[in-house]
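target.cif (mmCIF, all heavy atoms)
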data_work
#
loop_
_atom_site.label_atom_id
_atom_site.label_comp_id
_atom_site.auth_asym_id
_atom_site.auth_seq_id
_atom_site.Cartn_x
_atom_site.Cartn_y
_atom_site.Cartn_z
N MET Z 1055 1.57 67.34 -41.04
CA MET Z 1055 2.50 66.23 -41.12
C MET Z 1055 3.60 66.44 -40.09
O MET Z 1055 4.19 67.50 -40.00
CB MET Z 1055 3.10 66.19 -42.53
CG MET Z 1055 3.94 65.01 -42.78
SD MET Z 1055 4.24 65.00 -44.58
CE MET Z 1055 5.51 63.83 -44.65
N ALA Z 1056 3.84 65.42 -39.31
CA ALA Z 1056 4.82 65.53 -38.24
C ALA Z 1056 6.24 65.49 -38.80
O ALA Z 1056 6.53 64.81 -39.79
CB ALA Z 1056 4.63 64.38 -37.26
N ARG Z 1057 7.12 66.25 -38.17
CA ARG Z 1057 8.53 66.22 -38.58
C ARG Z 1057 9.16 64.93 -38.08
O ARG Z 1057 8.84 64.44 -37.01
CB ARG Z 1057 9.26 67.41 -38.01
CG ARG Z 1057 8.77 68.68 -38.61
CD ARG Z 1057 9.55 69.84 -38.08
NE ARG Z 1057 8.94 71.07 -38.57
CZ ARG Z 1057 9.61 72.01 -39.19
NH1 ARG Z 1057 10.90 71.91 -39.35
NH2 ARG Z 1057 9.00 73.08 -39.62
N SER Z 1058 10.07 64.42 -38.87
CA SER Z 1058 10.69 63.15 -38.54
C SER Z 1058 12.20 63.25 -38.67
O SER Z 1058 12.70 63.86 -39.61
CB SER Z 1058 10.16 62.07 -39.49
OG SER Z 1058 10.86 60.87 -39.30
N GLU Z 1059 12.90 62.68 -37.73
CA GLU Z 1059 14.37 62.66 -37.80
C GLU Z 1059 14.86 61.65 -38.83
O GLU Z 1059 15.96 61.80 -39.35
CB GLU Z 1059 14.96 62.32 -36.43
CG GLU Z 1059 14.89 63.46 -35.44
CD GLU Z 1059 15.73 64.65 -35.88
OE1 GLU Z 1059 16.87 64.43 -36.36
OE2 GLU Z 1059 15.24 65.78 -35.77
N THR Z 1060 14.05 60.64 -39.13
CA THR Z 1060 14.49 59.64 -40.12
C THR Z 1060 14.27 60.12 -41.55
O THR Z 1060 14.90 59.61 -42.46
CB THR Z 1060 13.74 58.31 -39.92
OG1 THR Z 1060 12.34 58.55 -40.00
CG2 THR Z 1060 14.08 57.69 -38.58
N ARG Z 1061 13.37 61.08 -41.76
CA ARG Z 1061 13.12 61.64 -43.09
C ARG Z 1061 13.22 63.16 -43.04
O ARG Z 1061 12.21 63.86 -43.11
CB ARG Z 1061 11.75 61.22 -43.62
CG ARG Z 1061 11.65 59.73 -43.88
CD ARG Z 1061 10.45 59.39 -44.72
NE ARG Z 1061 10.52 59.95 -46.05
CZ ARG Z 1061 11.17 59.42 -47.08
NH1 ARG Z 1061 11.81 58.30 -46.93
NH2 ARG Z 1061 11.16 60.00 -48.26
N PRO Z 1062 14.44 63.70 -42.96
CA PRO Z 1062 14.59 65.15 -42.87
C PRO Z 1062 14.39 65.85 -44.21
O PRO Z 1062 14.51 65.24 -45.28
CB PRO Z 1062 16.04 65.31 -42.41
CG PRO Z 1062 16.73 64.12 -43.00
CD PRO Z 1062 15.72 63.01 -42.91
N VAL Z 1063 14.09 67.14 -44.14
CA VAL Z 1063 13.97 67.98 -45.33
C VAL Z 1063 15.39 68.36 -45.75
O VAL Z 1063 16.19 68.81 -44.93
CB VAL Z 1063 13.14 69.23 -45.03
CG1 VAL Z 1063 13.13 70.16 -46.22
CG2 VAL Z 1063 11.74 68.85 -44.63
N VAL Z 1064 15.72 68.16 -47.03
CA VAL Z 1064 17.05 68.51 -47.54
C VAL Z 1064 16.90 69.47 -48.72
O VAL Z 1064 15.89 69.47 -49.41
CB VAL Z 1064 17.86 67.27 -47.98
CG1 VAL Z 1064 18.15 66.37 -46.80
CG2 VAL Z 1064 17.15 66.51 -49.06
N THR Z 1065 17.92 70.29 -48.91
CA THR Z 1065 17.96 71.22 -50.03
C THR Z 1065 18.89 70.68 -51.09
O THR Z 1065 20.01 70.28 -50.80
CB THR Z 1065 18.47 72.59 -49.56
OG1 THR Z 1065 17.61 73.08 -48.53
CG2 THR Z 1065 18.48 73.59 -50.69
N LEU Z 1066 18.42 70.66 -52.33
CA LEU Z 1066 19.23 70.22 -53.46
C LEU Z 1066 19.65 71.45 -54.23
O LEU Z 1066 18.81 72.26 -54.64
CB LEU Z 1066 18.43 69.29 -54.37
CG LEU Z 1066 17.89 68.02 -53.73
CD1 LEU Z 1066 17.02 67.27 -54.72
CD2 LEU Z 1066 19.00 67.14 -53.24
N ARG Z 1067 20.96 71.64 -54.43
CA ARG Z 1067 21.49 72.83 -55.11
C ARG Z 1067 22.09 72.41 -56.46
O ARG Z 1067 22.73 71.39 -56.58
CB ARG Z 1067 22.56 73.48 -54.25
CG ARG Z 1067 22.98 74.84 -54.74
CD ARG Z 1067 23.82 75.60 -53.74
NE ARG Z 1067 23.36 75.54 -52.36
CZ ARG Z 1067 22.41 76.33 -51.85
NH1 ARG Z 1067 21.79 77.19 -52.62
NH2 ARG Z 1067 22.08 76.22 -50.58
N SER Z 1068 21.87 73.23 -57.47
CA SER Z 1068 22.32 72.95 -58.83
C SER Z 1068 23.85 72.96 -58.92
O SER Z 1068 24.51 73.82 -58.34
CB SER Z 1068 21.75 73.99 -59.79
OG SER Z 1068 22.29 73.81 -61.08
N THR Z 1069 24.40 72.02 -59.69
CA THR Z 1069 25.84 71.99 -59.92
C THR Z 1069 26.24 72.88 -61.09
O THR Z 1069 27.42 73.04 -61.37
CB THR Z 1069 26.32 70.55 -60.21
OG1 THR Z 1069 25.62 70.05 -61.34
CG2 THR Z 1069 26.09 69.65 -59.02
N ALA Z 1070 25.23 73.48 -61.77
CA ALA Z 1070 25.52 74.37 -62.90
C ALA Z 1070 25.95 75.76 -62.42
O ALA Z 1070 26.36 76.59 -63.23
CB ALA Z 1070 24.30 74.49 -63.81
N GLY Z 1071 25.82 76.01 -61.12
CA GLY Z 1071 26.25 77.29 -60.58
C GLY Z 1071 25.25 78.41 -60.76
O GLY Z 1071 25.60 79.58 -60.66
N THR Z 1072 23.98 78.07 -61.00
CA THR Z 1072 22.97 79.09 -61.22
C THR Z 1072 22.28 79.52 -59.94
O THR Z 1072 21.56 80.51 -59.93
CB THR Z 1072 21.89 78.57 -62.19
OG1 THR Z 1072 21.31 77.39 -61.63
CG2 THR Z 1072 22.48 78.26 -63.55
N GLY Z 1073 22.46 78.77 -58.86
CA GLY Z 1073 21.82 79.09 -57.59
C GLY Z 1073 20.42 78.52 -57.45
O GLY Z 1073 19.75 78.75 -56.44
N GLN Z 1074 19.97 77.77 -58.43
CA GLN Z 1074 18.65 77.14 -58.38
C GLN Z 1074 18.64 76.04 -57.33
O GLN Z 1074 19.60 75.29 -57.20
CB GLN Z 1074 18.31 76.55 -59.75
CG GLN Z 1074 16.98 75.87 -59.84
CD GLN Z 1074 15.81 76.83 -59.76
OE1 GLN Z 1074 15.94 77.99 -60.09
NE2 GLN Z 1074 14.67 76.35 -59.34
N THR Z 1075 17.54 75.92 -56.55
CA THR Z 1075 17.43 74.89 -55.53
C THR Z 1075 16.09 74.19 -55.61
O THR Z 1075 15.11 74.74 -56.12
CB THR Z 1075 17.58 75.49 -54.11
OG1 THR Z 1075 16.55 76.45 -53.90
CG2 THR Z 1075 18.94 76.12 -53.91
N TYR Z 1076 16.05 72.96 -55.11
CA TYR Z 1076 14.84 72.19 -54.91
C TYR Z 1076 14.85 71.75 -53.45
O TYR Z 1076 15.92 71.58 -52.86
CB TYR Z 1076 14.81 70.93 -55.78
CG TYR Z 1076 14.41 71.16 -57.22
CD1 TYR Z 1076 15.37 71.32 -58.20
CD2 TYR Z 1076 13.07 71.19 -57.59
CE1 TYR Z 1076 15.02 71.52 -59.52
CE2 TYR Z 1076 12.70 71.38 -58.91
CZ TYR Z 1076 13.68 71.55 -59.86
OH TYR Z 1076 13.32 71.74 -61.17
N VAL Z 1077 13.66 71.52 -52.88
CA VAL Z 1077 13.54 71.04 -51.51
C VAL Z 1077 12.79 69.73 -51.55
O VAL Z 1077 11.76 69.61 -52.21
CB VAL Z 1077 12.79 72.06 -50.62
CG1 VAL Z 1077 12.61 71.52 -49.21
CG2 VAL Z 1077 13.53 73.38 -50.59
N THR Z 1078 13.32 68.72 -50.84
CA THR Z 1078 12.70 67.40 -50.82
C THR Z 1078 12.99 66.73 -49.49
O THR Z 1078 13.67 67.29 -48.64
CB THR Z 1078 13.21 66.54 -52.00
OG1 THR Z 1078 12.46 65.34 -52.04
CG2 THR Z 1078 14.69 66.23 -51.86
N ARG Z 1079 12.48 65.54 -49.30
CA ARG Z 1079 12.77 64.73 -48.11
C ARG Z 1079 13.55 63.50 -48.54
O ARG Z 1079 13.43 63.06 -49.67
CB ARG Z 1079 11.47 64.28 -47.43
CG ARG Z 1079 10.69 65.41 -46.81
CD ARG Z 1079 9.44 64.87 -46.16
NE ARG Z 1079 8.75 65.92 -45.45
CZ ARG Z 1079 8.96 66.20 -44.17
NH1 ARG Z 1079 9.81 65.49 -43.46
NH2 ARG Z 1079 8.30 67.18 -43.59
N LYS Z 1080 14.37 62.99 -47.62
CA LYS Z 1080 15.09 61.76 -47.92
C LYS Z 1080 15.10 60.85 -46.72
O LYS Z 1080 14.93 61.30 -45.58
CB LYS Z 1080 16.52 62.06 -48.37
CG LYS Z 1080 17.49 62.38 -47.26
CD LYS Z 1080 18.91 62.32 -47.76
CE LYS Z 1080 19.88 62.30 -46.60
NZ LYS Z 1080 21.24 62.16 -47.02
N SER Z 1081 15.31 59.58 -46.95
CA SER Z 1081 15.39 58.60 -45.88
C SER Z 1081 16.86 58.44 -45.48
O SER Z 1081 17.68 58.04 -46.30
CB SER Z 1081 14.83 57.27 -46.34
OG SER Z 1081 15.08 56.29 -45.36
N ARG Z 1082 17.17 58.76 -44.25
CA ARG Z 1082 18.55 58.61 -43.77
C ARG Z 1082 18.97 57.14 -43.70
O ARG Z 1082 20.14 56.82 -43.84
CB ARG Z 1082 18.70 59.23 -42.39
CG ARG Z 1082 18.80 60.71 -42.43
CD ARG Z 1082 19.25 61.24 -41.11
NE ARG Z 1082 19.37 62.70 -41.19
CZ ARG Z 1082 19.26 63.50 -40.18
NH1 ARG Z 1082 19.03 63.01 -38.98
NH2 ARG Z 1082 19.38 64.80 -40.33
N ARG Z 1083 18.01 56.26 -43.47
CA ARG Z 1083 18.33 54.84 -43.35
C ARG Z 1083 18.73 54.25 -44.71
O ARG Z 1083 19.69 53.49 -44.80
CB ARG Z 1083 17.12 54.09 -42.82
CG ARG Z 1083 17.40 52.67 -42.45
CD ARG Z 1083 16.20 51.96 -41.88
NE ARG Z 1083 15.29 52.89 -41.22
CZ ARG Z 1083 14.13 52.56 -40.71
NH1 ARG Z 1083 13.72 51.31 -40.77
NH2 ARG Z 1083 13.36 53.45 -40.14
N ASN Z 1084 18.03 54.62 -45.77
CA ASN Z 1084 18.30 54.06 -47.10
C ASN Z 1084 19.42 54.80 -47.83
O ASN Z 1084 20.16 54.20 -48.60
CB ASN Z 1084 17.05 54.09 -47.97
CG ASN Z 1084 15.97 53.20 -47.41
OD1 ASN Z 1084 16.25 52.26 -46.68
ND2 ASN Z 1084 14.74 53.50 -47.75
N THR Z 1085 19.55 56.11 -47.62
CA THR Z 1085 20.56 56.91 -48.30
C THR Z 1085 21.31 57.78 -47.30
O THR Z 1085 21.00 58.97 -47.15
CB THR Z 1085 19.93 57.81 -49.38
OG1 THR Z 1085 18.90 58.58 -48.77
CG2 THR Z 1085 19.38 57.01 -50.53
N PRO Z 1086 22.28 57.21 -46.59
CA PRO Z 1086 23.02 58.00 -45.60
C PRO Z 1086 23.97 59.01 -46.24
O PRO Z 1086 24.34 59.99 -45.61
CB PRO Z 1086 23.78 56.95 -44.80
CG PRO Z 1086 23.92 55.80 -45.73
CD PRO Z 1086 22.70 55.81 -46.60
N ASP Z 1087 24.37 58.78 -47.51
CA ASP Z 1087 25.26 59.71 -48.20
C ASP Z 1087 24.46 60.89 -48.74
O ASP Z 1087 23.24 60.91 -48.66
CB ASP Z 1087 25.97 59.00 -49.35
CG ASP Z 1087 26.82 57.83 -48.86
OD1 ASP Z 1087 27.31 57.92 -47.72
OD2 ASP Z 1087 26.97 56.87 -49.61
N ARG Z 1088 25.18 61.85 -49.32
CA ARG Z 1088 24.50 63.01 -49.90
C ARG Z 1088 23.71 62.59 -51.14
O ARG Z 1088 24.18 61.82 -51.96
CB ARG Z 1088 25.51 64.08 -50.29
CG ARG Z 1088 26.09 64.74 -49.08
CD ARG Z 1088 26.79 65.99 -49.45
NE ARG Z 1088 27.39 66.59 -48.28
CZ ARG Z 1088 27.93 67.79 -48.26
NH1 ARG Z 1088 27.96 68.51 -49.35
NH2 ARG Z 1088 28.44 68.27 -47.16
N LEU Z 1089 22.52 63.14 -51.25
CA LEU Z 1089 21.61 62.80 -52.32
C LEU Z 1089 21.99 63.55 -53.59
O LEU Z 1089 22.36 64.72 -53.54
CB LEU Z 1089 20.19 63.19 -51.89
CG LEU Z 1089 19.02 62.72 -52.72
CD1 LEU Z 1089 18.97 61.20 -52.74
CD2 LEU Z 1089 17.73 63.28 -52.15
N GLU Z 1090 21.93 62.86 -54.74
CA GLU Z 1090 22.18 63.47 -56.04
C GLU Z 1090 21.05 63.07 -56.97
O GLU Z 1090 20.81 61.90 -57.19
CB GLU Z 1090 23.51 62.98 -56.64
CG GLU Z 1090 24.73 63.55 -55.99
CD GLU Z 1090 26.00 63.19 -56.74
OE1 GLU Z 1090 25.90 62.50 -57.78
OE2 GLU Z 1090 27.07 63.59 -56.29
N LEU Z 1091 20.36 64.07 -57.52
CA LEU Z 1091 19.27 63.82 -58.45
C LEU Z 1091 19.46 64.68 -59.69
O LEU Z 1091 19.97 65.80 -59.61
CB LEU Z 1091 17.92 64.18 -57.82
CG LEU Z 1091 17.47 63.34 -56.64
CD1 LEU Z 1091 16.18 63.91 -56.06
CD2 LEU Z 1091 17.27 61.90 -57.05
N ARG Z 1092 19.03 64.16 -60.82
CA ARG Z 1092 19.10 64.91 -62.08
C ARG Z 1092 17.75 65.58 -62.27
O ARG Z 1092 16.74 64.91 -62.50
CB ARG Z 1092 19.41 63.94 -63.21
CG ARG Z 1092 19.80 64.60 -64.49
CD ARG Z 1092 20.42 63.57 -65.41
NE ARG Z 1092 20.31 63.98 -66.79
CZ ARG Z 1092 21.15 64.83 -67.37
NH1 ARG Z 1092 22.17 65.31 -66.68
NH2 ARG Z 1092 20.99 65.17 -68.63
N LYS Z 1093 17.73 66.92 -62.16
CA LYS Z 1093 16.50 67.69 -62.23
C LYS Z 1093 16.66 68.81 -63.26
O LYS Z 1093 17.77 69.13 -63.68
CB LYS Z 1093 16.18 68.33 -60.87
CG LYS Z 1093 16.17 67.38 -59.70
CD LYS Z 1093 14.87 66.70 -59.48
CE LYS Z 1093 13.80 67.67 -59.02
NZ LYS Z 1093 12.49 67.03 -58.94
N TYR Z 1094 15.54 69.45 -63.62
CA TYR Z 1094 15.56 70.54 -64.59
C TYR Z 1094 15.96 71.85 -63.90
O TYR Z 1094 15.42 72.21 -62.86
CB TYR Z 1094 14.20 70.69 -65.24
CG TYR Z 1094 14.17 71.77 -66.29
CD1 TYR Z 1094 14.77 71.57 -67.53
CD2 TYR Z 1094 13.58 72.99 -66.05
CE1 TYR Z 1094 14.76 72.55 -68.50
CE2 TYR Z 1094 13.56 73.99 -67.02
CZ TYR Z 1094 14.16 73.75 -68.23
OH TYR Z 1094 14.15 74.74 -69.19
N ASP Z 1095 16.92 72.56 -64.48
CA ASP Z 1095 17.35 73.87 -64.00
C ASP Z 1095 16.85 74.91 -64.99
O ASP Z 1095 17.38 75.03 -66.09
CB ASP Z 1095 18.88 73.91 -63.90
CG ASP Z 1095 19.40 75.18 -63.24
OD1 ASP Z 1095 18.64 76.17 -63.16
OD2 ASP Z 1095 20.55 75.18 -62.80
N PRO Z 1096 15.82 75.70 -64.62
CA PRO Z 1096 15.26 76.66 -65.57
C PRO Z 1096 16.24 77.78 -65.94
O PRO Z 1096 16.16 78.32 -67.04
CB PRO Z 1096 14.03 77.22 -64.85
CG PRO Z 1096 14.18 76.84 -63.43
CD PRO Z 1096 15.08 75.66 -63.38
N ALA Z 1097 17.15 78.12 -65.05
CA ALA Z 1097 18.12 79.17 -65.37
C ALA Z 1097 19.12 78.69 -66.42
O ALA Z 1097 19.55 79.45 -67.28
CB ALA Z 1097 18.85 79.61 -64.11
N ALA Z 1098 19.50 77.40 -66.35
CA ALA Z 1098 20.43 76.83 -67.32
C ALA Z 1098 19.70 76.35 -68.58
O ALA Z 1098 20.31 76.18 -69.63
CB ALA Z 1098 21.21 75.68 -66.70
N GLY Z 1099 18.41 76.07 -68.44
CA GLY Z 1099 17.61 75.62 -69.58
C GLY Z 1099 17.82 74.17 -69.93
O GLY Z 1099 17.53 73.76 -71.05
N GLN Z 1100 18.30 73.37 -68.98
CA GLN Z 1100 18.53 71.95 -69.23
C GLN Z 1100 18.51 71.17 -67.93
O GLN Z 1100 18.48 71.76 -66.86
CB GLN Z 1100 19.87 71.75 -69.94
CG GLN Z 1100 21.06 72.24 -69.16
CD GLN Z 1100 22.34 72.14 -69.97
OE1 GLN Z 1100 22.34 71.65 -71.09
NE2 GLN Z 1100 23.43 72.61 -69.41
N HIS Z 1101 18.56 69.85 -68.04
CA HIS Z 1101 18.63 68.99 -66.87
C HIS Z 1101 20.09 68.92 -66.41
O HIS Z 1101 20.98 68.69 -67.24
CB HIS Z 1101 18.11 67.59 -67.19
CG HIS Z 1101 16.63 67.52 -67.26
ND1 HIS Z 1101 15.92 67.92 -68.37
CD2 HIS Z 1101 15.72 67.10 -66.37
CE1 HIS Z 1101 14.63 67.75 -68.14
NE2 HIS Z 1101 14.48 67.25 -66.93
N VAL Z 1102 20.30 69.10 -65.11
CA VAL Z 1102 21.64 69.02 -64.53
C VAL Z 1102 21.55 68.24 -63.23
O VAL Z 1102 20.46 67.98 -62.71
CB VAL Z 1102 22.25 70.42 -64.26
CG1 VAL Z 1102 22.46 71.18 -65.55
CG2 VAL Z 1102 21.40 71.21 -63.30
N VAL Z 1103 22.70 67.88 -62.67
CA VAL Z 1103 22.75 67.17 -61.40
C VAL Z 1103 22.58 68.16 -60.26
O VAL Z 1103 23.23 69.20 -60.23
CB VAL Z 1103 24.09 66.41 -61.26
CG1 VAL Z 1103 24.18 65.76 -59.89
CG2 VAL Z 1103 24.22 65.36 -62.35
N PHE Z 1104 21.68 67.84 -59.35
CA PHE Z 1104 21.48 68.62 -58.15
C PHE Z 1104 21.99 67.80 -56.97
O PHE Z 1104 21.65 66.63 -56.84
CB PHE Z 1104 19.97 68.92 -57.93
CG PHE Z 1104 19.48 70.08 -58.77
CD1 PHE Z 1104 19.30 69.93 -60.13
CD2 PHE Z 1104 19.17 71.28 -58.17
CE1 PHE Z 1104 18.83 70.99 -60.89
CE2 PHE Z 1104 18.70 72.33 -58.92
CZ PHE Z 1104 18.53 72.20 -60.28
N ARG Z 1105 22.83 68.41 -56.12
CA ARG Z 1105 23.41 67.71 -54.98
C ARG Z 1105 22.87 68.28 -53.69
O ARG Z 1105 22.55 69.46 -53.59
CB ARG Z 1105 24.93 67.86 -54.98
CG ARG Z 1105 25.59 67.04 -56.05
CD ARG Z 1105 27.07 66.85 -55.80
NE ARG Z 1105 27.64 66.03 -56.85
CZ ARG Z 1105 28.34 66.54 -57.87
NH1 ARG Z 1105 28.56 67.81 -57.95
NH2 ARG Z 1105 28.81 65.72 -58.80
N GLU Z 1106 22.80 67.42 -52.68
CA GLU Z 1106 22.33 67.83 -51.36
C GLU Z 1106 23.29 68.84 -50.74
O GLU Z 1106 24.50 68.62 -50.69
CB GLU Z 1106 22.22 66.60 -50.47
CG GLU Z 1106 21.77 66.90 -49.07
CD GLU Z 1106 21.70 65.67 -48.21
OE1 GLU Z 1106 21.69 64.55 -48.73
OE2 GLU Z 1106 21.68 65.84 -46.98
N ALA Z 1107 22.73 69.97 -50.29
CA ALA Z 1107 23.53 71.00 -49.61
C ALA Z 1107 23.28 70.92 -48.12
O ALA Z 1107 22.16 70.63 -47.69
CB ALA Z 1107 23.15 72.37 -50.13
N ARG Z 1108 24.32 71.18 -47.33
CA ARG Z 1108 24.15 71.13 -45.88
C ARG Z 1108 24.47 72.45 -45.26
O ARG Z 1108 25.18 73.24 -45.73
CB ARG Z 1108 25.05 70.06 -45.28
CG ARG Z 1108 24.57 68.68 -45.66
CD ARG Z 1108 25.28 67.62 -44.88
NE ARG Z 1108 24.75 66.32 -45.31
CZ ARG Z 1108 25.38 65.21 -45.08
NH1 ARG Z 1108 26.51 65.17 -44.47
NH2 ARG Z 1108 24.84 64.07 -45.48
#
Would you put the structure from the file into C-alpha cells?
Amino acid sequence: MARSETRPVVTLRSTAGTGQTYVTRKSRRNTPDRLELRKYDPAAGQHVVFREAR
C-alpha cells in the first residue's frame, strides 16, 4: 500500500495516563483537527478517550 500525504498514519494516546496507544490513518481533508476516538484501554480496564499525538 502506497504512503499518502492525504491519509497519514497517526498515533492515538490514551488520556487515562496508562501509556496505551493505537495506530490508525486519518483523512487530513475531512478532519484537519486532532483526532479523538473512544477506544478500549486494557491497562485501565475500560473505554477512554484516545487523542492524536504528534
Any idea what the distance is between atom O of Val1103 of chain Z and atom CG2 of Thr1078 of chain Z? 12.3 Å
For the file shown, report as a ChimeraX atom specification the outcome of the PyMOL selection byres ((chain Z and resi 1061) around 5) at residue level. /Z:1058-1060,1062-1063,1079-1081
Could you pull out all residues of chain Z with a DSSP call of strand (DSSP E or B) and give them as an NGL selection string? :Z and (1063-1068 or 1075-1079 or 1090-1095 or 1100-1107)
Non-local contacts of Val1102 of chain Z (9 Å; only C-alpha atoms; under 3 positions in same chain excluded) as an NGL selection string: :Z and (1068-1070 or 1091-1095 or 1098)
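Take the candidates Z:Pro1096, Z:His1101, Z:Ala1107, Z:Asp1087 and check each one against Leu1066 of chain Z using all atoms listed in the file; the shortest distance goes to Z:Ala1107.
Take atom CA of Thr1085 of chain Z and atom CA of Gly1099 of chain Z: the distance between them is 28.5 Å.
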Residues returned when the PyMOL selection byres ((chain Z and resi 1065) around 5) runs on this file, as an mmCIF file with all heavy atoms, keeping the file's coordinate frame:
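Produced file part.cif, reproduced below:
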data_model
loop_
_atom_site.group_PDB
_atom_site.id
_atom_site.type_symbol
_atom_site.label_atom_id
_atom_site.label_comp_id
_atom_site.auth_asym_id
_atom_site.auth_seq_id
_atom_site.Cartn_x
_atom_site.Cartn_y
_atom_site.Cartn_z
ATOM 1 N N VAL Z 1063 14.090 67.140 -44.140
ATOM 2 C CA VAL Z 1063 13.970 67.980 -45.330
ATOM 3 C C VAL Z 1063 15.390 68.360 -45.750
ATOM 4 O O VAL Z 1063 16.190 68.810 -44.930
ATOM 5 C CB VAL Z 1063 13.140 69.230 -45.030
ATOM 6 C CG1 VAL Z 1063 13.130 70.160 -46.220
ATOM 7 C CG2 VAL Z 1063 11.740 68.850 -44.630
ATOM 8 N N VAL Z 1064 15.720 68.160 -47.030
ATOM 9 C CA VAL Z 1064 17.050 68.510 -47.540
ATOM 10 C C VAL Z 1064 16.900 69.470 -48.720
ATOM 11 O O VAL Z 1064 15.890 69.470 -49.410
ATOM 12 C CB VAL Z 1064 17.860 67.270 -47.980
ATOM 13 C CG1 VAL Z 1064 18.150 66.370 -46.800
ATOM 14 C CG2 VAL Z 1064 17.150 66.510 -49.060
ATOM 15 N N LEU Z 1066 18.420 70.660 -52.330
ATOM 16 C CA LEU Z 1066 19.230 70.220 -53.460
ATOM 17 C C LEU Z 1066 19.650 71.450 -54.230
ATOM 18 O O LEU Z 1066 18.810 72.260 -54.640
ATOM 19 C CB LEU Z 1066 18.430 69.290 -54.370
ATOM 20 C CG LEU Z 1066 17.890 68.020 -53.730
ATOM 21 C CD1 LEU Z 1066 17.020 67.270 -54.720
ATOM 22 C CD2 LEU Z 1066 19.000 67.140 -53.240
ATOM 23 N N ARG Z 1067 20.960 71.640 -54.430
ATOM 24 C CA ARG Z 1067 21.490 72.830 -55.110
ATOM 25 C C ARG Z 1067 22.090 72.410 -56.460
ATOM 26 O O ARG Z 1067 22.730 71.390 -56.580
ATOM 27 C CB ARG Z 1067 22.560 73.480 -54.250
ATOM 28 C CG ARG Z 1067 22.980 74.840 -54.740
ATOM 29 C CD ARG Z 1067 23.820 75.600 -53.740
ATOM 30 N NE ARG Z 1067 23.360 75.540 -52.360
ATOM 31 C CZ ARG Z 1067 22.410 76.330 -51.850
ATOM 32 N NH1 ARG Z 1067 21.790 77.190 -52.620
ATOM 33 N NH2 ARG Z 1067 22.080 76.220 -50.580
ATOM 34 N N THR Z 1075 17.540 75.920 -56.550
ATOM 35 C CA THR Z 1075 17.430 74.890 -55.530
ATOM 36 C C THR Z 1075 16.090 74.190 -55.610
ATOM 37 O O THR Z 1075 15.110 74.740 -56.120
ATOM 38 C CB THR Z 1075 17.580 75.490 -54.110
ATOM 39 O OG1 THR Z 1075 16.550 76.450 -53.900
ATOM 40 C CG2 THR Z 1075 18.940 76.120 -53.910
ATOM 41 N N TYR Z 1076 16.050 72.960 -55.110
ATOM 42 C CA TYR Z 1076 14.840 72.190 -54.910
ATOM 43 C C TYR Z 1076 14.850 71.750 -53.450
ATOM 44 O O TYR Z 1076 15.920 71.580 -52.860
ATOM 45 C CB TYR Z 1076 14.810 70.930 -55.780
ATOM 46 C CG TYR Z 1076 14.410 71.160 -57.220
ATOM 47 C CD1 TYR Z 1076 15.370 71.320 -58.200
ATOM 48 C CD2 TYR Z 1076 13.070 71.190 -57.590
ATOM 49 C CE1 TYR Z 1076 15.020 71.520 -59.520
ATOM 50 C CE2 TYR Z 1076 12.700 71.380 -58.910
ATOM 51 C CZ TYR Z 1076 13.680 71.550 -59.860
ATOM 52 O OH TYR Z 1076 13.320 71.740 -61.170
ATOM 53 N N VAL Z 1077 13.660 71.520 -52.880
ATOM 54 C CA VAL Z 1077 13.540 71.040 -51.510
ATOM 55 C C VAL Z 1077 12.790 69.730 -51.550
ATOM 56 O O VAL Z 1077 11.760 69.610 -52.210
ATOM 57 C CB VAL Z 1077 12.790 72.060 -50.620
ATOM 58 C CG1 VAL Z 1077 12.610 71.520 -49.210
ATOM 59 C CG2 VAL Z 1077 13.530 73.380 -50.590
ATOM 60 N N ARG Z 1105 22.830 68.410 -56.120
ATOM 61 C CA ARG Z 1105 23.410 67.710 -54.980
ATOM 62 C C ARG Z 1105 22.870 68.280 -53.690
ATOM 63 O O ARG Z 1105 22.550 69.460 -53.590
ATOM 64 C CB ARG Z 1105 24.930 67.860 -54.980
ATOM 65 C CG ARG Z 1105 25.590 67.040 -56.050
ATOM 66 C CD ARG Z 1105 27.070 66.850 -55.800
ATOM 67 N NE ARG Z 1105 27.640 66.030 -56.850
ATOM 68 C CZ ARG Z 1105 28.340 66.540 -57.870
ATOM 69 N NH1 ARG Z 1105 28.560 67.810 -57.950
ATOM 70 N NH2 ARG Z 1105 28.810 65.720 -58.800
ATOM 71 N N GLU Z 1106 22.800 67.420 -52.680
ATOM 72 C CA GLU Z 1106 22.330 67.830 -51.360
ATOM 73 C C GLU Z 1106 23.290 68.840 -50.740
ATOM 74 O O GLU Z 1106 24.500 68.620 -50.690
ATOM 75 C CB GLU Z 1106 22.220 66.600 -50.470
ATOM 76 C CG GLU Z 1106 21.770 66.900 -49.070
ATOM 77 C CD GLU Z 1106 21.700 65.670 -48.210
ATOM 78 O OE1 GLU Z 1106 21.690 64.550 -48.730
ATOM 79 O OE2 GLU Z 1106 21.680 65.840 -46.980
ATOM 80 N N ALA Z 1107 22.730 69.970 -50.290
ATOM 81 C CA ALA Z 1107 23.530 71.000 -49.610
ATOM 82 C C ALA Z 1107 23.280 70.920 -48.120
ATOM 83 O O ALA Z 1107 22.160 70.630 -47.690
ATOM 84 C CB ALA Z 1107 23.150 72.370 -50.130
#
Take every atom of segment 1073-1079 of chain Z listed in the file, pad by 6 Å on each side, and give me the axis-aligned box centre and edge lengths in Å, one decimal, as JSON.
{"center_x": 15.4, "center_y": 71.1, "center_z": -52.3, "size_x": 26.2, "size_y": 28.0, "size_z": 29.7}
What is the atom O of Arg1083 of chain Z-atom NE of Arg1108 of chain Z distance in Å, reported with one decimal?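 Here the two named atoms are 13.8 Å from each other.
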